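Text of upload-v1.pdb (PDB, C-alpha atoms) as supplied:
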MODEL        1
ATOM      1  CA  MET A   1      24.734   1.000 -45.385
ATOM      2  CA  ALA A   2      26.250   4.471 -45.432
ATOM      3  CA  THR A   3      25.437   7.597 -43.508
ATOM      4  CA  ILE A   4      25.340  10.887 -45.315
ATOM      5  CA  VAL A   5      25.890  13.797 -42.983
ATOM      6  CA  VAL A   6      24.605  17.256 -43.768
ATOM      7  CA  GLU A   7      25.859  20.049 -41.525
ATOM      8  CA  VAL A   8      24.026  23.361 -41.602
ATOM      9  CA  MET A   9      25.458  26.570 -40.127
ATOM     10  CA  LEU A  10      24.196  30.125 -39.992
ATOM     11  CA  LYS A  11      26.186  32.375 -42.318
ATOM     12  CA  PRO A  12      28.874  34.341 -40.447
ATOM     13  CA  GLU A  13      27.056  37.657 -40.940
ATOM     14  CA  ILE A  14      23.814  36.323 -39.407
ATOM     15  CA  LEU A  15      23.429  36.953 -35.692
ATOM     16  CA  ASP A  16      23.427  33.690 -33.680
ATOM     17  CA  PRO A  17      21.876  34.426 -30.266
ATOM     18  CA  GLN A  18      21.904  30.735 -29.327
ATOM     19  CA  GLY A  19      25.641  30.492 -29.919
ATOM     20  CA  GLN A  20      26.141  33.708 -27.943
ATOM     21  CA  ALA A  21      24.125  32.297 -25.037
ATOM     22  CA  VAL A  22      26.288  29.155 -25.016
ATOM     23  CA  ALA A  23      29.442  31.288 -25.186
ATOM     24  CA  SER A  24      28.339  33.314 -22.168
ATOM     25  CA  ALA A  25      27.367  30.180 -20.185
ATOM     26  CA  LEU A  26      30.750  28.464 -20.609
ATOM     27  CA  PRO A  27      32.743  30.803 -18.309
ATOM     28  CA  ARG A  28      30.088  30.364 -15.604
ATOM     29  CA  LEU A  29      31.149  26.693 -15.478
ATOM     30  CA  GLY A  30      34.812  27.625 -15.385
ATOM     31  CA  PHE A  31      35.447  26.995 -19.079
ATOM     32  CA  ASN A  32      37.410  29.985 -20.261
ATOM     33  CA  PHE A  33      38.648  28.801 -23.648
ATOM     34  CA  ALA A  34      35.852  30.079 -25.922
ATOM     35  CA  GLN A  35      36.252  33.355 -27.792
ATOM     36  CA  ALA A  36      33.009  32.765 -29.688
ATOM     37  CA  VAL A  37      30.494  29.966 -30.291
ATOM     38  CA  ARG A  38      28.313  29.366 -33.346
ATOM     39  CA  GLN A  39      25.564  26.745 -33.127
ATOM     40  CA  GLY A  40      24.425  24.671 -36.111
ATOM     41  CA  LYS A  41      22.442  21.575 -37.108
ATOM     42  CA  ARG A  42      23.569  18.097 -38.135
ATOM     43  CA  PHE A  43      21.447  15.670 -40.174
ATOM     44  CA  GLU A  44      22.388  11.978 -40.447
ATOM     45  CA  ILE A  45      20.757  10.350 -43.446
ATOM     46  CA  GLU A  46      20.954   6.572 -43.771
ATOM     47  CA  VAL A  47      21.111   5.144 -47.291
ATOM     48  CA  ALA A  48      21.392   1.520 -48.502
ATOM     49  CA  GLY A  49      24.827   0.656 -49.879
ATOM     50  CA  VAL A  50      27.350   3.137 -51.207
ATOM     51  CA  PRO A  51      25.592   6.332 -52.319
ATOM     52  CA  THR A  52      25.509   6.805 -56.090
ATOM     53  CA  PRO A  53      26.441  10.132 -57.709
ATOM     54  CA  GLU A  54      22.714  10.580 -58.510
ATOM     55  CA  GLN A  55      21.783  10.091 -54.838
ATOM     56  CA  LEU A  56      24.465  12.547 -53.771
ATOM     57  CA  ALA A  57      23.166  15.078 -56.293
ATOM     58  CA  ASP A  58      19.649  14.570 -54.877
ATOM     59  CA  ILE A  59      20.939  15.084 -51.344
ATOM     60  CA  GLU A  60      22.678  18.280 -52.431
ATOM     61  CA  ARG A  61      19.364  19.527 -53.788
ATOM     62  CA  ALA A  62      17.527  18.475 -50.621
ATOM     63  CA  ALA A  63      20.152  20.264 -48.526
ATOM     64  CA  GLU A  64      19.706  23.408 -50.578
ATOM     65  CA  THR A  65      15.895  23.425 -50.705
ATOM     66  CA  LEU A  66      14.753  21.896 -47.407
ATOM     67  CA  LEU A  67      17.543  21.174 -44.912
ATOM     68  CA  SER A  68      19.015  24.669 -45.171
ATOM     69  CA  ASN A  69      17.714  28.109 -46.046
ATOM     70  CA  PRO A  70      20.323  29.603 -48.411
ATOM     71  CA  VAL A  71      19.257  33.107 -47.371
ATOM     72  CA  ILE A  72      20.741  32.669 -43.904
ATOM     73  CA  GLU A  73      22.569  29.315 -43.868
ATOM     74  CA  THR A  74      25.331  27.317 -45.532
ATOM     75  CA  TYR A  75      25.620  23.513 -45.670
ATOM     76  CA  VAL A  76      28.246  20.822 -46.113
ATOM     77  CA  VAL A  77      27.515  17.250 -47.297
ATOM     78  CA  LYS A  78      29.818  14.410 -46.180
ATOM     79  CA  VAL A  79      29.606  10.644 -46.584
ATOM     80  CA  GLU A  80      30.502   8.458 -43.602
ATOM     81  CA  ALA A  81      30.972   4.723 -43.997
TER      82      ALA A  81
ATOM     83  CA  MET B   1     -16.082  38.864 -50.590
ATOM     84  CA  ARG B   2     -14.481  35.509 -49.767
ATOM     85  CA  ILE B   3     -11.138  35.571 -47.949
ATOM     86  CA  GLY B   4      -9.440  32.300 -47.057
ATOM     87  CA  VAL B   5      -7.436  31.449 -43.943
ATOM     88  CA  VAL B   6      -5.178  28.394 -44.122
ATOM     89  CA  THR B   7      -4.999  26.012 -41.178
ATOM     90  CA  PHE B   8      -1.710  24.115 -40.962
ATOM     91  CA  PRO B   9      -0.958  21.492 -38.283
ATOM     92  CA  GLY B  10       0.049  23.783 -35.407
ATOM     93  CA  SER B  11      -1.656  26.982 -36.567
ATOM     94  CA  LEU B  12      -2.917  28.990 -33.578
ATOM     95  CA  ASP B  13      -4.434  32.215 -34.852
ATOM     96  CA  ASP B  14      -6.493  30.819 -37.714
ATOM     97  CA  SER B  15      -9.795  31.273 -35.871
ATOM     98  CA  SER B  16      -8.831  34.827 -34.837
ATOM     99  CA  ALA B  17      -8.015  35.648 -38.473
ATOM    100  CA  LEU B  18     -11.345  34.206 -39.647
ATOM    101  CA  ARG B  19     -13.084  36.301 -37.002
ATOM    102  CA  ALA B  20     -11.234  39.473 -38.031
ATOM    103  CA  ILE B  21     -12.341  38.953 -41.640
ATOM    104  CA  ARG B  22     -15.949  38.544 -40.510
ATOM    105  CA  LEU B  23     -15.825  41.674 -38.315
ATOM    106  CA  ALA B  24     -14.347  43.630 -41.209
ATOM    107  CA  GLY B  25     -17.358  42.661 -43.313
ATOM    108  CA  GLY B  26     -15.904  39.835 -45.413
ATOM    109  CA  THR B  27     -16.837  36.178 -45.769
ATOM    110  CA  PRO B  28     -14.197  34.074 -44.003
ATOM    111  CA  VAL B  29     -13.407  30.750 -45.683
ATOM    112  CA  PRO B  30     -11.374  28.099 -43.811
ATOM    113  CA  LEU B  31      -8.771  26.444 -46.048
ATOM    114  CA  PHE B  32      -6.804  23.303 -45.206
ATOM    115  CA  HIS B  33      -3.097  22.696 -45.743
ATOM    116  CA  ALA B  34      -3.544  19.199 -47.181
ATOM    117  CA  SER B  35      -5.806  20.327 -50.045
ATOM    118  CA  ASP B  36      -4.732  22.443 -53.004
ATOM    119  CA  ASP B  37      -8.278  23.839 -53.338
ATOM    120  CA  LEU B  38      -8.464  27.604 -52.822
ATOM    121  CA  LYS B  39     -12.301  27.398 -52.817
ATOM    122  CA  GLU B  40     -12.673  30.468 -55.046
ATOM    123  CA  VAL B  41     -11.412  32.885 -52.409
ATOM    124  CA  GLU B  42     -10.169  36.256 -53.619
ATOM    125  CA  ALA B  43      -7.377  36.632 -51.083
ATOM    126  CA  VAL B  44      -5.658  34.464 -48.479
ATOM    127  CA  VAL B  45      -4.316  34.954 -44.950
ATOM    128  CA  LEU B  46      -1.589  32.656 -43.629
ATOM    129  CA  PRO B  47      -2.127  32.859 -39.856
ATOM    130  CA  GLY B  48       0.216  32.781 -36.907
ATOM    131  CA  GLY B  49       1.146  29.755 -34.857
ATOM    132  CA  PHE B  50       3.787  27.063 -34.824
ATOM    133  CA  SER B  51       3.084  25.056 -37.969
ATOM    134  CA  TYR B  52       4.755  21.641 -37.836
ATOM    135  CA  GLY B  53       6.075  22.573 -34.396
ATOM    136  CA  ASP B  54       8.534  24.997 -36.035
ATOM    137  CA  TYR B  55      10.604  21.866 -36.778
ATOM    138  CA  LEU B  56      13.665  22.357 -39.004
ATOM    139  CA  ARG B  57      13.043  26.122 -39.376
ATOM    140  CA  CYS B  58       9.858  28.135 -38.831
ATOM    141  CA  GLY B  59       7.699  27.723 -41.926
ATOM    142  CA  ALA B  60      10.164  25.409 -43.689
ATOM    143  CA  ILE B  61       7.865  22.386 -43.823
ATOM    144  CA  SER B  62       4.591  24.295 -44.363
ATOM    145  CA  ARG B  63       6.082  25.722 -47.506
ATOM    146  CA  PHE B  64       5.706  22.299 -49.137
ATOM    147  CA  ALA B  65       2.037  21.810 -48.126
ATOM    148  CA  PRO B  66      -0.331  21.174 -51.086
ATOM    149  CA  ILE B  67      -2.233  24.433 -50.433
ATOM    150  CA  MET B  68       1.043  26.383 -50.731
ATOM    151  CA  SER B  69       1.647  25.140 -54.278
ATOM    152  CA  SER B  70      -1.679  26.746 -55.284
ATOM    153  CA  ILE B  71      -0.966  29.907 -53.277
ATOM    154  CA  ILE B  72       2.560  30.339 -54.688
ATOM    155  CA  VAL B  73       1.334  30.110 -58.293
ATOM    156  CA  ALA B  74      -1.599  32.460 -57.609
ATOM    157  CA  ALA B  75       0.582  34.962 -55.709
ATOM    158  CA  GLU B  76       2.988  35.172 -58.640
ATOM    159  CA  HIS B  77      -0.013  36.309 -60.718
ATOM    160  CA  GLY B  78      -1.088  39.045 -58.300
ATOM    161  CA  PHE B  79      -3.370  37.137 -55.890
ATOM    162  CA  PRO B  80      -3.314  38.964 -52.519
ATOM    163  CA  VAL B  81      -1.670  37.073 -49.652
ATOM    164  CA  LEU B  82      -1.103  38.297 -46.091
ATOM    165  CA  GLY B  83       1.260  36.311 -43.867
ATOM    166  CA  ILE B  84       1.054  37.036 -40.152
ATOM    167  CA  CYS B  85       3.915  35.927 -37.871
ATOM    168  CA  ASN B  86       4.311  32.219 -38.754
ATOM    169  CA  GLY B  87       2.587  33.130 -42.033
ATOM    170  CA  PHE B  88       5.343  35.702 -42.703
ATOM    171  CA  GLN B  89       7.931  33.005 -41.966
ATOM    172  CA  ILE B  90       6.188  30.671 -44.450
ATOM    173  CA  LEU B  91       6.189  33.403 -47.134
ATOM    174  CA  CYS B  92       9.950  33.899 -46.674
ATOM    175  CA  GLU B  93      10.596  30.148 -46.816
ATOM    176  CA  SER B  94       8.443  30.018 -49.982
ATOM    177  CA  HIS B  95      10.617  32.775 -51.494
ATOM    178  CA  LEU B  96       7.502  34.881 -52.116
ATOM    179  CA  LEU B  97       9.186  37.429 -49.841
ATOM    180  CA  PRO B  98      12.935  38.002 -49.459
ATOM    181  CA  GLY B  99      14.959  37.550 -46.281
ATOM    182  CA  ALA B 100      14.372  35.272 -43.314
ATOM    183  CA  LEU B 101      13.130  35.454 -39.731
ATOM    184  CA  THR B 102      15.600  34.228 -37.157
ATOM    185  CA  ARG B 103      15.874  33.754 -33.393
ATOM    186  CA  ASN B 104      15.187  36.969 -31.485
ATOM    187  CA  GLN B 105      18.210  38.881 -30.260
ATOM    188  CA  GLY B 106      18.379  38.133 -26.527
ATOM    189  CA  LEU B 107      16.594  34.787 -27.103
ATOM    190  CA  HIS B 108      13.386  35.958 -25.432
ATOM    191  CA  PHE B 109       9.967  35.017 -26.643
ATOM    192  CA  VAL B 110       8.550  38.548 -26.880
ATOM    193  CA  CYS B 111       4.854  38.982 -26.112
ATOM    194  CA  THR B 112       3.903  42.646 -25.876
ATOM    195  CA  ASP B 113       1.811  45.473 -27.298
ATOM    196  CA  GLN B 114       4.166  46.962 -29.852
ATOM    197  CA  ALA B 115       4.243  50.485 -31.291
ATOM    198  CA  LEU B 116       4.628  50.457 -35.069
ATOM    199  CA  THR B 117       4.696  52.871 -37.991
ATOM    200  CA  ILE B 118       2.946  52.238 -41.307
ATOM    201  CA  GLU B 119       5.430  52.941 -44.103
ATOM    202  CA  ASN B 120       3.668  51.711 -47.232
ATOM    203  CA  THR B 121      -0.034  52.232 -47.947
ATOM    204  CA  ALA B 122       0.171  51.137 -51.590
ATOM    205  CA  THR B 123      -0.515  47.458 -50.836
ATOM    206  CA  PRO B 124      -4.074  46.079 -50.901
ATOM    207  CA  TRP B 125      -3.638  45.094 -47.240
ATOM    208  CA  THR B 126      -2.606  48.558 -45.979
ATOM    209  CA  SER B 127      -4.449  50.961 -48.314
ATOM    210  CA  GLY B 128      -6.787  52.102 -45.524
ATOM    211  CA  TYR B 129      -3.935  53.484 -43.410
ATOM    212  CA  THR B 130      -2.077  56.755 -43.884
ATOM    213  CA  THR B 131       1.685  56.780 -44.378
ATOM    214  CA  GLY B 132       3.482  57.410 -41.099
ATOM    215  CA  GLN B 133       0.444  56.391 -39.030
ATOM    216  CA  ARG B 134       1.339  54.969 -35.610
ATOM    217  CA  LEU B 135      -0.272  51.702 -34.549
ATOM    218  CA  VAL B 136      -0.207  49.559 -31.429
ATOM    219  CA  ILE B 137      -0.533  45.856 -32.285
ATOM    220  CA  PRO B 138       0.568  42.792 -30.269
ATOM    221  CA  ILE B 139       3.677  40.850 -31.198
ATOM    222  CA  LYS B 140       4.229  37.326 -29.872
ATOM    223  CA  ASN B 141       7.123  35.368 -31.272
ATOM    224  CA  GLY B 142      10.475  33.784 -30.526
ATOM    225  CA  GLU B 143      11.846  34.014 -34.062
ATOM    226  CA  GLY B 144      10.902  37.418 -35.401
ATOM    227  CA  SER B 145      14.279  38.947 -36.124
ATOM    228  CA  PHE B 146      14.173  39.954 -39.799
ATOM    229  CA  GLN B 147      17.489  39.304 -41.540
ATOM    230  CA  ALA B 148      18.492  39.851 -45.156
ATOM    231  CA  SER B 149      21.633  40.640 -47.128
ATOM    232  CA  SER B 150      22.619  44.298 -47.376
ATOM    233  CA  THR B 151      21.714  44.208 -51.092
ATOM    234  CA  THR B 152      18.206  42.931 -50.310
ATOM    235  CA  LEU B 153      17.774  45.501 -47.526
ATOM    236  CA  ALA B 154      18.830  48.317 -49.856
ATOM    237  CA  GLU B 155      16.349  47.048 -52.464
ATOM    238  CA  LEU B 156      13.500  46.871 -49.940
ATOM    239  CA  GLU B 157      14.240  50.396 -48.753
ATOM    240  CA  SER B 158      14.723  52.026 -52.174
ATOM    241  CA  GLU B 159      11.595  50.368 -53.598
ATOM    242  CA  GLY B 160       9.503  51.373 -50.574
ATOM    243  CA  ARG B 161       8.699  47.761 -49.790
ATOM    244  CA  VAL B 162       9.053  48.096 -46.006
ATOM    245  CA  VAL B 163       5.374  48.070 -45.010
ATOM    246  CA  LEU B 164       5.638  48.232 -41.246
ATOM    247  CA  ARG B 165       8.468  49.307 -38.938
ATOM    248  CA  TYR B 166       8.939  48.947 -35.168
ATOM    249  CA  ALA B 167       8.587  52.328 -33.450
ATOM    250  CA  ASP B 168      10.136  53.429 -30.111
ATOM    251  CA  LYS B 169      12.112  50.221 -29.687
ATOM    252  CA  ASN B 170      13.242  47.281 -31.775
ATOM    253  CA  PRO B 171      12.034  44.185 -29.875
ATOM    254  CA  ASN B 172      14.120  41.493 -31.564
ATOM    255  CA  GLY B 173      17.112  42.823 -33.502
ATOM    256  CA  SER B 174      15.339  43.007 -36.880
ATOM    257  CA  LYS B 175      17.458  44.753 -39.508
ATOM    258  CA  ASN B 176      16.307  48.358 -40.131
ATOM    259  CA  ASP B 177      13.549  47.874 -37.483
ATOM    260  CA  ILE B 178      11.582  45.964 -40.133
ATOM    261  CA  ALA B 179       8.276  44.510 -38.899
ATOM    262  CA  GLY B 180       6.677  43.861 -42.294
ATOM    263  CA  ILE B 181       7.523  43.854 -46.001
ATOM    264  CA  ALA B 182       5.854  43.435 -49.404
ATOM    265  CA  ASN B 183       6.883  41.786 -52.671
ATOM    266  CA  THR B 184       7.671  43.946 -55.717
ATOM    267  CA  ARG B 185       4.075  43.889 -56.921
ATOM    268  CA  GLY B 186       2.696  44.624 -53.434
ATOM    269  CA  ASN B 187       0.126  41.816 -53.417
ATOM    270  CA  VAL B 188       2.129  39.651 -50.989
ATOM    271  CA  VAL B 189       2.647  41.174 -47.540
ATOM    272  CA  GLY B 190       4.242  39.614 -44.461
ATOM    273  CA  VAL B 191       4.069  41.123 -40.962
ATOM    274  CA  MET B 192       5.349  39.841 -37.609
ATOM    275  CA  PRO B 193       2.758  41.733 -35.472
ATOM    276  CA  HIS B 194      -0.740  40.269 -35.195
ATOM    277  CA  PRO B 195      -3.348  42.666 -36.648
ATOM    278  CA  GLU B 196      -6.039  40.011 -36.091
ATOM    279  CA  GLN B 197      -5.429  40.400 -32.320
ATOM    280  CA  ALA B 198      -6.073  44.168 -32.401
ATOM    281  CA  ILE B 199      -9.605  44.408 -33.743
ATOM    282  CA  GLU B 200     -11.698  44.958 -30.614
ATOM    283  CA  THR B 201     -11.053  46.980 -27.456
ATOM    284  CA  LEU B 202     -12.362  44.112 -25.292
ATOM    285  CA  THR B 203      -9.495  41.787 -26.210
ATOM    286  CA  GLY B 204      -6.820  43.906 -27.895
ATOM    287  CA  PRO B 205      -4.756  46.967 -26.998
ATOM    288  CA  SER B 206      -6.403  48.874 -29.881
ATOM    289  CA  THR B 207      -8.497  48.320 -32.982
ATOM    290  CA  ASP B 208      -5.563  49.359 -35.179
ATOM    291  CA  GLY B 209      -5.299  45.930 -36.807
ATOM    292  CA  LEU B 210      -8.786  45.869 -38.289
ATOM    293  CA  THR B 211      -7.739  48.161 -41.159
ATOM    294  CA  PHE B 212      -5.619  45.337 -42.670
ATOM    295  CA  PHE B 213      -8.870  43.438 -43.209
ATOM    296  CA  THR B 214     -11.081  46.369 -44.262
ATOM    297  CA  SER B 215      -8.293  47.466 -46.648
ATOM    298  CA  ILE B 216      -8.293  44.184 -48.552
ATOM    299  CA  LEU B 217     -12.084  44.225 -48.834
ATOM    300  CA  GLN B 218     -12.066  47.786 -50.189
ATOM    301  CA  SER B 219      -9.136  47.061 -52.523
ATOM    302  CA  MET B 220     -10.969  44.108 -54.051
ATOM    303  CA  VAL B 221     -14.235  46.022 -54.468
ATOM    304  CA  GLY B 222     -12.427  48.892 -56.142
ATOM    305  CA  ARG B 223     -10.684  46.604 -58.611
TER     306      ARG B 223
ENDMDL
END

So, in terms of structure tokens, how does the structure I just supplied come out?
Amino acid sequence: MATIVVEVMLKPEILDPQGQAVASALPRLGFNFAQAVRQGKRFEIEVAGVPTPEQLADIERAAETLLSNPVIETYVVKVEA
Amino acid sequence: MRIGVVTFPGSLDDSSALRAIRLAGGTPVPLFHASDDLKEVEAVVLPGGFSYGDYLRCGAISRFAPIMSSIIVAAEHGFPVLGICNGFQILCESHLLPGALTRNQGLHFVCTDQALTIENTATPWTSGYTTGQRLVIPIKNGEGSFQASSTTLAELESEGRVVLRYADKNPNGSKNDIAGIANTRGNVVGVMPHPEQAIETLTGPSTDGLTFFTSILQSMVGR
């Protein structure tokens, strides 16, 4: 079994109020390392066996049509053993 | 005239939209997400709410409901569609309207009576207003910040497709104070404010919203 990971992030030009809220909360806990925070989503998709090129192509299409909204987001697909 | 209102799992304002259509003088027709049957309606309202719990992204899952496949095809041929709040989000996810609605600047769920300006009266949903008319209509959303690329924004502005703009103050960080837009043809309109909640003085801050529903009835009669 393999896990296909799809990570979705807001495009850099899109305002991310959630990331900003996290960034402003960190110093309140004494964490002073963060210059900026962007928050995204991670999907873990289990597939049987090693994913075939066809399955990966399908996942790319799913990432583009459902898992992300290309108007505001970008995505990355990775395979984890 | 028959106007449909789609109920998705998690729709909240479907009954208010049906009621607004009735008070405007139309025949409200409930439609269901799981059927692709438009029941011979002549226009459709996608109501507000939290369809599918806003999971994934607001409107992202509703876009793939069977009723939406019928609505998308019809809308591309000029069938009038009004998306209110979550309905606007669904129209953007369906690519019937450009741009996207994202988390409000400041992260607040904003529930207030909002001053607005009507910018486009050429759509069948806004033909009863006058350009520049000020309205007060409730907004109630957590993800109402309209975002689009600068190219798309320039297109919307130059083609006069901004239908409704926030007046006095921008409640959520929407680009260009945009509260509502139309497609190129004008038959598809999406608005974040809730006109169906401003139709009677007993329950709303004004009756300014009723004209959305009388406009569509008059537009269809005059066709």

Using all atoms listed in the file, determine which residues lie at most 8 Å from Ser68 of chain A, disregarding the query and same-chain residues fewer than 6 positions distant; provide the list as a VMD selection string. chain A and resid 8 74 to 75

Contacts from chain B to chain A, 7 Å maximum, all atoms listed in the file: show me the residue list as a ChimeraX atom specification. /B:60,99-100,103,105-107

Where's the centre, and what are the edge lengths in Å to one decimal, of a box along x, y and z enclosing all listed atoms of segment 83-100 of chain B padded 8 Å per side, as AutoDock Vina command-line options?
--center_x 8.0 --center_y 34.0 --center_z -45.0 --size_x 29.9 --size_y 24.0 --size_z 30.2

For atom CA of Ala122 of chain B and atom CA of Lys175 of chain B, quote the distance in Å rounded to one decimal. 22.0 Å

Using atom CA of Phe33 of chain A and atom CA of Thr102 of chain B as the two end points, give the distance in Å to one decimal.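 That distance, rounded to one decimal, is 27.3 Å.
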
Using only C-alpha atoms, which residue out of B:Glu143, B:Arg2, B:Glu42, B:Gly48 lies closest to Ser15 of chain B? B:Gly48

Selection: 8 Å around Thr123 of chain B, all atoms listed in the file, excl. self and same-chain fewer than 6 positions, as an MDAnalysis selection string: chainID B and resid 182 186:187 189

Residues in the PyMOL selection byres ((chain B and resi 204) around 12), expressed as a VMD selection string: chain B and resid 16 20 112 to 114 136 to 139 194 to 203 205 to 210

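As for atom CA of Gly173 of chain B and atom CA of Pro124 of chain B, they are spaced 27.6 Å apart.
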
I'd like the residues picked by the PyMOL selection byres ((chain A and resi 51-62) around 9) written out as a PyMOL selection string, using the chain letters and numbers from the file. chain A and resi 1-4+6+47-50+63-68+76-77+79

Residue by residue, what does the PyMOL selection byres ((chain B and resi 86-96) around 8) grab here? Present the result as a tab-separated table (two decimals) with C-alpha atoms, in the frame of the given file.
chain	number	residue	atom	x	y	z
A	69	ASN	CA	17.71	28.11	-46.05
B	45	VAL	CA	-4.32	34.95	-44.95
B	46	LEU	CA	-1.59	32.66	-43.63
B	47	PRO	CA	-2.13	32.86	-39.86
B	48	GLY	CA	0.22	32.78	-36.91
B	49	GLY	CA	1.15	29.76	-34.86
B	50	PHE	CA	3.79	27.06	-34.82
B	51	SER	CA	3.08	25.06	-37.97
B	58	CYS	CA	9.86	28.14	-38.83
B	59	GLY	CA	7.70	27.72	-41.93
B	60	ALA	CA	10.16	25.41	-43.69
B	62	SER	CA	4.59	24.30	-44.36
B	63	ARG	CA	6.08	25.72	-47.51
B	72	ILE	CA	2.56	30.34	-54.69
B	75	ALA	CA	0.58	34.96	-55.71
B	76	GLU	CA	2.99	35.17	-58.64
B	82	LEU	CA	-1.10	38.30	-46.09
B	83	GLY	CA	1.26	36.31	-43.87
B	84	ILE	CA	1.05	37.04	-40.15
B	85	CYS	CA	3.92	35.93	-37.87
B	97	LEU	CA	9.19	37.43	-49.84
B	98	PRO	CA	12.94	38.00	-49.46
B	99	GLY	CA	14.96	37.55	-46.28
B	100	ALA	CA	14.37	35.27	-43.31
B	101	LEU	CA	13.13	35.45	-39.73
B	183	ASN	CA	6.88	41.79	-52.67
B	188	VAL	CA	2.13	39.65	-50.99
B	189	VAL	CA	2.65	41.17	-47.54
B	190	GLY	CA	4.24	39.61	-44.46
B	191	VAL	CA	4.07	41.12	-40.96
B	192	MET	CA	5.35	39.84	-37.61

Of the candidates B:Phe212, B:Asp37, B:Ser69, B:Met1, which shows the shortest atom-to-atom distance to Tyr129 of chain B, using all atoms listed in the file? B:Phe212
